[in-house]
Amino acid sequence: MGRLVITHSTYLEGLIPLLKRLVKDPAIDTITPAVIARVRGRAPELRLRVSTPISGGWKLVARRGSSAQEVFVVTGLGAPELEERIATLVGSKGKG
């Protein structure tokens, strides 16, 4: 089990519970939520997608409403495997 780094006081609604479930995956080492920004368009519900590779893992972008938050994940997983695990978690919202 990895660790979830809580450093900010503000997060997108529903993001931390989702990340707490993701960090239980043995292939995940560290998850660090980062900058929140205003964006164009609206995402009616929380969405999390793999964005770009970083050294040792991936940058994810979480979207909800007109806000987006960067999330850095340190893992040995490739993008398709990480996307699959995120899709499983998003699909099982409220369970576990």
# chains A, B, ... in the order shown; residues from 1 in each chain; ligands from 1
call {"tool": "residues_around", "arguments": {"residues": "range 21-36 of chain A", "least_positions_apart": "5", "cutoff": "8 Å", "atoms": "only C-alpha atoms", "output": "list of chain:residue names"}}
result
A:Met1, A:Gly2, A:Arg3, A:Leu4, A:Val5, A:Ile6, A:Thr7, A:His8, A:Tyr11, A:Leu12, A:Ser67, A:Ala68, A:Gln69, A:Glu70, A:Val71, A:Phe72, A:Val73, A:Val74, A:Thr75, A:Gly76, A:Leu77, A:Arg85, A:Ile86, A:Leu89, A:Gly96
call {"tool": "write_last_selection", "arguments": {"atoms": "N, CA, C and O atoms", "output": "compact mmCIF listing (two decimals), in the first residue's frame"}}
result
# COMPACT_ATOMS: atom_id res chain seq x y z
N MET A 1 0.85 -1.19 0.00
CA MET A 1 0.00 0.00 0.00
C MET A 1 0.88 1.24 0.00
O MET A 1 1.85 1.32 0.73
N GLY A 2 0.54 2.19 -0.85
CA GLY A 2 1.31 3.43 -0.96
C GLY A 2 0.84 4.46 0.05
O GLY A 2 0.15 4.16 1.01
N ARG A 3 1.23 5.72 -0.22
CA ARG A 3 0.78 6.78 0.68
C ARG A 3 0.18 7.93 -0.12
O ARG A 3 0.56 8.17 -1.26
N LEU A 4 -0.76 8.60 0.52
CA LEU A 4 -1.43 9.76 -0.05
C LEU A 4 -0.91 10.99 0.67
O LEU A 4 -1.02 11.08 1.89
N VAL A 5 -0.31 11.92 -0.07
CA VAL A 5 0.27 13.13 0.52
C VAL A 5 -0.81 14.20 0.56
O VAL A 5 -1.32 14.62 -0.48
N ILE A 6 -1.14 14.64 1.77
CA ILE A 6 -2.14 15.70 1.95
C ILE A 6 -1.38 16.97 2.30
O ILE A 6 -0.90 17.13 3.42
N THR A 7 -1.26 17.89 1.33
CA THR A 7 -0.47 19.10 1.56
C THR A 7 -1.28 20.38 1.42
O THR A 7 -0.88 21.40 1.94
N HIS A 8 -2.38 20.35 0.71
CA HIS A 8 -3.18 21.55 0.49
C HIS A 8 -4.39 21.54 1.40
O HIS A 8 -4.75 20.52 1.96
N TYR A 11 -9.31 20.76 -2.04
CA TYR A 11 -9.30 19.70 -3.03
C TYR A 11 -10.64 19.70 -3.74
O TYR A 11 -11.64 20.16 -3.19
N LEU A 12 -10.68 19.16 -4.93
CA LEU A 12 -11.96 19.00 -5.62
C LEU A 12 -12.84 18.08 -4.78
O LEU A 12 -12.37 17.10 -4.21
N SER A 67 -13.50 23.39 -12.43
CA SER A 67 -12.18 23.33 -11.81
C SER A 67 -11.43 22.08 -12.24
O SER A 67 -12.04 21.05 -12.54
N ALA A 68 -10.12 22.18 -12.26
CA ALA A 68 -9.26 21.04 -12.56
C ALA A 68 -8.13 21.02 -11.52
O ALA A 68 -7.67 22.07 -11.07
N GLN A 69 -7.72 19.83 -11.13
CA GLN A 69 -6.63 19.69 -10.17
C GLN A 69 -5.63 18.66 -10.70
O GLN A 69 -6.02 17.59 -11.15
N GLU A 70 -4.35 19.02 -10.63
CA GLU A 70 -3.30 18.08 -11.00
C GLU A 70 -3.11 17.09 -9.86
O GLU A 70 -3.20 17.44 -8.69
N VAL A 71 -2.82 15.84 -10.23
CA VAL A 71 -2.53 14.79 -9.25
C VAL A 71 -1.33 14.02 -9.78
O VAL A 71 -1.36 13.53 -10.91
N PHE A 72 -0.28 13.91 -8.97
CA PHE A 72 0.92 13.19 -9.38
C PHE A 72 0.93 11.81 -8.73
O PHE A 72 0.73 11.68 -7.52
N VAL A 73 1.13 10.78 -9.55
CA VAL A 73 1.12 9.39 -9.08
C VAL A 73 2.47 8.75 -9.40
O VAL A 73 2.88 8.71 -10.56
N VAL A 74 3.16 8.28 -8.34
CA VAL A 74 4.41 7.56 -8.52
C VAL A 74 4.06 6.07 -8.55
O VAL A 74 3.54 5.52 -7.57
N THR A 75 4.34 5.44 -9.70
CA THR A 75 3.98 4.04 -9.90
C THR A 75 4.80 3.46 -11.05
O THR A 75 5.28 4.19 -11.90
N GLY A 76 4.92 2.17 -11.05
CA GLY A 76 5.58 1.49 -12.16
C GLY A 76 4.60 1.10 -13.25
O GLY A 76 4.98 0.54 -14.28
N LEU A 77 3.31 1.36 -13.05
CA LEU A 77 2.29 1.00 -14.03
C LEU A 77 2.41 1.85 -15.29
O LEU A 77 2.80 3.01 -15.23
N ARG A 85 -7.36 0.86 -13.83
CA ARG A 85 -7.60 0.85 -12.38
C ARG A 85 -8.43 2.05 -11.93
O ARG A 85 -9.28 1.93 -11.07
N ILE A 86 -8.19 3.20 -12.56
CA ILE A 86 -8.98 4.39 -12.25
C ILE A 86 -10.43 4.19 -12.69
O ILE A 86 -11.36 4.50 -11.96
N LEU A 89 -12.26 2.13 -10.23
CA LEU A 89 -12.60 2.88 -9.02
C LEU A 89 -13.75 3.84 -9.25
O LEU A 89 -14.65 3.95 -8.43
N GLY A 96 -16.66 0.16 -0.88
CA GLY A 96 -15.34 -0.04 -0.28
C GLY A 96 -14.99 1.07 0.57
O GLY A 96 -14.09 1.60 0.92
call {"tool": "residues_around", "arguments": {"residues": "Glu84 in chain A", "least_positions_apart": "4", "cutoff": "12 Å", "atoms": "only C-alpha atoms", "output": "list of chain:residue names"}}
result
A:Leu22, A:Leu48, A:Arg49, A:Val50, A:Leu77, A:Gly78, A:Ala79, A:Pro80, A:Thr88, A:Leu89, A:Val90, A:Gly91
call {"tool": "select_by_dssp", "arguments": {"residues": "chain A", "states": "strand (DSSP E)", "output": "PDB file with N, CA and C atoms, in the first residue's frame"}}
result
ATOM      1  N   ARG A   3       1.225   5.725  -0.223  1.00  0.00           N
ATOM      2  CA  ARG A   3       0.782   6.781   0.677  1.00  0.00           C
ATOM      3  C   ARG A   3       0.185   7.928  -0.119  1.00  0.00           C
ATOM      4  N   LEU A   4      -0.760   8.603   0.523  1.00  0.00           N
ATOM      5  CA  LEU A   4      -1.429   9.757  -0.054  1.00  0.00           C
ATOM      6  C   LEU A   4      -0.907  10.990   0.668  1.00  0.00           C
ATOM      7  N   ILE A  28       0.802   1.176  -6.563  1.00  0.00           N
ATOM      8  CA  ILE A  28       0.896   2.630  -6.382  1.00  0.00           C
ATOM      9  C   ILE A  28       1.810   2.929  -5.202  1.00  0.00           C
ATOM     10  N   ASP A  29       2.828   3.773  -5.427  1.00  0.00           N
ATOM     11  CA  ASP A  29       3.747   4.146  -4.348  1.00  0.00           C
ATOM     12  C   ASP A  29       3.290   5.408  -3.621  1.00  0.00           C
ATOM     13  N   THR A  30       3.084   6.495  -4.362  1.00  0.00           N
ATOM     14  CA  THR A  30       2.716   7.778  -3.758  1.00  0.00           C
ATOM     15  C   THR A  30       1.744   8.526  -4.663  1.00  0.00           C
ATOM     16  N   ILE A  31       0.767   9.200  -4.035  1.00  0.00           N
ATOM     17  CA  ILE A  31      -0.159  10.067  -4.762  1.00  0.00           C
ATOM     18  C   ILE A  31      -0.090  11.440  -4.106  1.00  0.00           C
ATOM     19  N   THR A  32       0.138  12.475  -4.932  1.00  0.00           N
ATOM     20  CA  THR A  32       0.232  13.837  -4.415  1.00  0.00           C
ATOM     21  C   THR A  32      -0.693  14.757  -5.208  1.00  0.00           C
ATOM     22  N   PRO A  33      -1.815  15.199  -4.613  1.00  0.00           N
ATOM     23  CA  PRO A  33      -2.653  16.195  -5.276  1.00  0.00           C
ATOM     24  C   PRO A  33      -1.910  17.532  -5.291  1.00  0.00           C
ATOM     25  N   ALA A  34      -2.102  18.313  -6.354  1.00  0.00           N
ATOM     26  CA  ALA A  34      -1.361  19.565  -6.487  1.00  0.00           C
ATOM     27  C   ALA A  34      -2.304  20.718  -6.828  1.00  0.00           C
ATOM     28  N   VAL A  35      -1.895  21.534  -7.791  1.00  0.00           N
ATOM     29  CA  VAL A  35      -2.541  22.799  -8.119  1.00  0.00           C
ATOM     30  C   VAL A  35      -3.976  22.646  -8.624  1.00  0.00           C
ATOM     31  N   ILE A  36      -4.852  23.537  -8.142  1.00  0.00           N
ATOM     32  CA  ILE A  36      -6.222  23.626  -8.650  1.00  0.00           C
ATOM     33  C   ILE A  36      -6.299  24.848  -9.548  1.00  0.00           C
ATOM     34  N   ALA A  37      -6.993  24.714 -10.678  1.00  0.00           N
ATOM     35  CA  ALA A  37      -7.140  25.839 -11.606  1.00  0.00           C
ATOM     36  C   ALA A  37      -8.568  25.891 -12.139  1.00  0.00           C
ATOM     37  N   ARG A  38      -8.986  27.063 -12.562  1.00  0.00           N
ATOM     38  CA  ARG A  38     -10.264  27.243 -13.249  1.00  0.00           C
ATOM     39  C   ARG A  38     -10.058  26.855 -14.707  1.00  0.00           C
ATOM     40  N   VAL A  39     -11.039  26.174 -15.277  1.00  0.00           N
ATOM     41  CA  VAL A  39     -10.933  25.761 -16.674  1.00  0.00           C
ATOM     42  C   VAL A  39     -12.237  26.072 -17.402  1.00  0.00           C
ATOM     43  N   ARG A  40     -12.151  26.088 -18.733  1.00  0.00           N
ATOM     44  CA  ARG A  40     -13.355  26.274 -19.532  1.00  0.00           C
ATOM     45  C   ARG A  40     -14.161  24.985 -19.525  1.00  0.00           C
ATOM     46  N   GLY A  41     -15.428  25.119 -19.772  1.00  0.00           N
ATOM     47  CA  GLY A  41     -16.274  23.937 -19.824  1.00  0.00           C
ATOM     48  C   GLY A  41     -16.647  23.467 -18.438  1.00  0.00           C
ATOM     49  N   ARG A  42     -17.500  22.459 -18.404  1.00  0.00           N
ATOM     50  CA  ARG A  42     -17.947  21.922 -17.123  1.00  0.00           C
ATOM     51  C   ARG A  42     -17.945  20.396 -17.171  1.00  0.00           C
ATOM     52  N   ALA A  43     -17.464  19.811 -16.089  1.00  0.00           N
ATOM     53  CA  ALA A  43     -17.541  18.363 -15.922  1.00  0.00           C
ATOM     54  C   ALA A  43     -18.566  18.137 -14.818  1.00  0.00           C
ATOM     55  N   PRO A  44     -19.745  17.625 -15.138  1.00  0.00           N
ATOM     56  CA  PRO A  44     -20.811  17.506 -14.138  1.00  0.00           C
ATOM     57  C   PRO A  44     -20.433  16.625 -12.949  1.00  0.00           C
ATOM     58  N   GLU A  45     -19.605  15.618 -13.186  1.00  0.00           N
ATOM     59  CA  GLU A  45     -19.168  14.772 -12.069  1.00  0.00           C
ATOM     60  C   GLU A  45     -17.656  14.630 -12.115  1.00  0.00           C
ATOM     61  N   LEU A  46     -17.090  14.145 -11.030  1.00  0.00           N
ATOM     62  CA  LEU A  46     -15.638  14.006 -10.923  1.00  0.00           C
ATOM     63  C   LEU A  46     -15.107  13.052 -11.985  1.00  0.00           C
ATOM     64  N   ARG A  47     -14.095  13.520 -12.725  1.00  0.00           N
ATOM     65  CA  ARG A  47     -13.418  12.694 -13.728  1.00  0.00           C
ATOM     66  C   ARG A  47     -11.927  12.743 -13.450  1.00  0.00           C
ATOM     67  N   LEU A  48     -11.256  11.638 -13.663  1.00  0.00           N
ATOM     68  CA  LEU A  48      -9.819  11.544 -13.432  1.00  0.00           C
ATOM     69  C   LEU A  48      -9.214  10.866 -14.655  1.00  0.00           C
ATOM     70  N   ARG A  49      -8.243  11.547 -15.299  1.00  0.00           N
ATOM     71  CA  ARG A  49      -7.637  10.936 -16.490  1.00  0.00           C
ATOM     72  C   ARG A  49      -6.125  11.074 -16.435  1.00  0.00           C
ATOM     73  N   VAL A  50      -5.451  10.122 -17.061  1.00  0.00           N
ATOM     74  CA  VAL A  50      -3.993  10.137 -17.150  1.00  0.00           C
ATOM     75  C   VAL A  50      -3.611  11.196 -18.173  1.00  0.00           C
ATOM     76  N   SER A  51      -2.670  12.084 -17.796  1.00  0.00           N
ATOM     77  CA  SER A  51      -2.302  13.185 -18.668  1.00  0.00           C
ATOM     78  C   SER A  51      -0.937  12.974 -19.308  1.00  0.00           C
ATOM     79  N   THR A  52       0.141  13.161 -18.550  1.00  0.00           N
ATOM     80  CA  THR A  52       1.487  13.063 -19.124  1.00  0.00           C
ATOM     81  C   THR A  52       2.410  12.268 -18.206  1.00  0.00           C
ATOM     82  N   PRO A  53       3.440  11.652 -18.797  1.00  0.00           N
ATOM     83  CA  PRO A  53       4.397  10.922 -17.957  1.00  0.00           C
ATOM     84  C   PRO A  53       5.284  11.896 -17.174  1.00  0.00           C
ATOM     85  N   ILE A  54       5.619  11.508 -15.955  1.00  0.00           N
ATOM     86  CA  ILE A  54       6.593  12.238 -15.146  1.00  0.00           C
ATOM     87  C   ILE A  54       7.663  11.224 -14.760  1.00  0.00           C
ATOM     88  N   GLY A  57       6.426   7.981 -12.857  1.00  0.00           N
ATOM     89  CA  GLY A  57       4.976   7.797 -12.807  1.00  0.00           C
ATOM     90  C   GLY A  57       4.221   8.643 -13.810  1.00  0.00           C
ATOM     91  N   TRP A  58       3.068   9.188 -13.364  1.00  0.00           N
ATOM     92  CA  TRP A  58       2.161   9.897 -14.262  1.00  0.00           C
ATOM     93  C   TRP A  58       1.538  11.103 -13.594  1.00  0.00           C
ATOM     94  N   LYS A  59       1.241  12.121 -14.416  1.00  0.00           N
ATOM     95  CA  LYS A  59       0.426  13.239 -13.950  1.00  0.00           C
ATOM     96  C   LYS A  59      -0.992  12.941 -14.377  1.00  0.00           C
ATOM     97  N   LEU A  60      -1.925  13.076 -13.452  1.00  0.00           N
ATOM     98  CA  LEU A  60      -3.341  12.917 -13.742  1.00  0.00           C
ATOM     99  C   LEU A  60      -4.000  14.284 -13.664  1.00  0.00           C
ATOM    100  N   VAL A  61      -5.141  14.424 -14.318  1.00  0.00           N
ATOM    101  CA  VAL A  61      -5.928  15.641 -14.200  1.00  0.00           C
ATOM    102  C   VAL A  61      -7.312  15.234 -13.705  1.00  0.00           C
ATOM    103  N   ALA A  62      -7.701  15.818 -12.571  1.00  0.00           N
ATOM    104  CA  ALA A  62      -9.038  15.596 -12.023  1.00  0.00           C
ATOM    105  C   ALA A  62      -9.889  16.789 -12.417  1.00  0.00           C
ATOM    106  N   ARG A  63     -11.106  16.544 -12.910  1.00  0.00           N
ATOM    107  CA  ARG A  63     -12.009  17.620 -13.312  1.00  0.00           C
ATOM    108  C   ARG A  63     -13.330  17.471 -12.579  1.00  0.00           C
ATOM    109  N   ARG A  64     -13.856  18.584 -12.126  1.00  0.00           N
ATOM    110  CA  ARG A  64     -15.206  18.620 -11.566  1.00  0.00           C
ATOM    111  C   ARG A  64     -15.709  20.047 -11.691  1.00  0.00           C
ATOM    112  N   GLY A  65     -16.890  20.212 -12.250  1.00  0.00           N
ATOM    113  CA  GLY A  65     -17.426  21.550 -12.465  1.00  0.00           C
ATOM    114  C   GLY A  65     -16.496  22.318 -13.392  1.00  0.00           C
ATOM    115  N   SER A  66     -16.158  23.538 -13.000  1.00  0.00           N
ATOM    116  CA  SER A  66     -15.258  24.350 -13.818  1.00  0.00           C
ATOM    117  C   SER A  66     -13.862  24.413 -13.217  1.00  0.00           C
ATOM    118  N   SER A  67     -13.502  23.391 -12.426  1.00  0.00           N
ATOM    119  CA  SER A  67     -12.179  23.332 -11.807  1.00  0.00           C
ATOM    120  C   SER A  67     -11.435  22.077 -12.239  1.00  0.00           C
ATOM    121  N   ALA A  68     -10.122  22.184 -12.256  1.00  0.00           N
ATOM    122  CA  ALA A  68      -9.258  21.043 -12.561  1.00  0.00           C
ATOM    123  C   ALA A  68      -8.135  21.019 -11.522  1.00  0.00           C
ATOM    124  N   GLN A  69      -7.717  19.830 -11.132  1.00  0.00           N
ATOM    125  CA  GLN A  69      -6.627  19.693 -10.174  1.00  0.00           C
ATOM    126  C   GLN A  69      -5.634  18.663 -10.697  1.00  0.00           C
ATOM    127  N   GLU A  70      -4.348  19.023 -10.625  1.00  0.00           N
ATOM    128  CA  GLU A  70      -3.295  18.081 -11.000  1.00  0.00           C
ATOM    129  C   GLU A  70      -3.106  17.085  -9.860  1.00  0.00           C
ATOM    130  N   VAL A  71      -2.819  15.841 -10.225  1.00  0.00           N
ATOM    131  CA  VAL A  71      -2.532  14.794  -9.253  1.00  0.00           C
ATOM    132  C   VAL A  71      -1.332  14.016  -9.775  1.00  0.00           C
ATOM    133  N   PHE A  72      -0.281  13.910  -8.968  1.00  0.00           N
ATOM    134  CA  PHE A  72       0.919  13.185  -9.380  1.00  0.00           C
ATOM    135  C   PHE A  72       0.926  11.808  -8.729  1.00  0.00           C
ATOM    136  N   VAL A  73       1.135  10.776  -9.553  1.00  0.00           N
ATOM    137  CA  VAL A  73       1.121   9.390  -9.079  1.00  0.00           C
ATOM    138  C   VAL A  73       2.468   8.755  -9.395  1.00  0.00           C
ATOM    139  N   VAL A  74       3.156   8.284  -8.344  1.00  0.00           N
ATOM    140  CA  VAL A  74       4.411   7.560  -8.523  1.00  0.00           C
ATOM    141  C   VAL A  74       4.061   6.075  -8.549  1.00  0.00           C
ATOM    142  N   THR A  75       4.340   5.438  -9.698  1.00  0.00           N
ATOM    143  CA  THR A  75       3.981   4.041  -9.897  1.00  0.00           C
ATOM    144  C   THR A  75       4.800   3.459 -11.047  1.00  0.00           C
TER     145      THR A  75
END
call {"tool": "select_by_dssp", "arguments": {"residues": "chain A", "states": "alpha helix (DSSP H)", "output": "list in words"}}
result
Leu15, Ile16, Pro17, Leu18, Leu19, Lys20, Arg21, Leu22, Ala79, Pro80, Glu81, Leu82, Glu83, Glu84, Arg85, Ile86, Ala87, Thr88, Leu89, Val90 and Gly91 of chain A
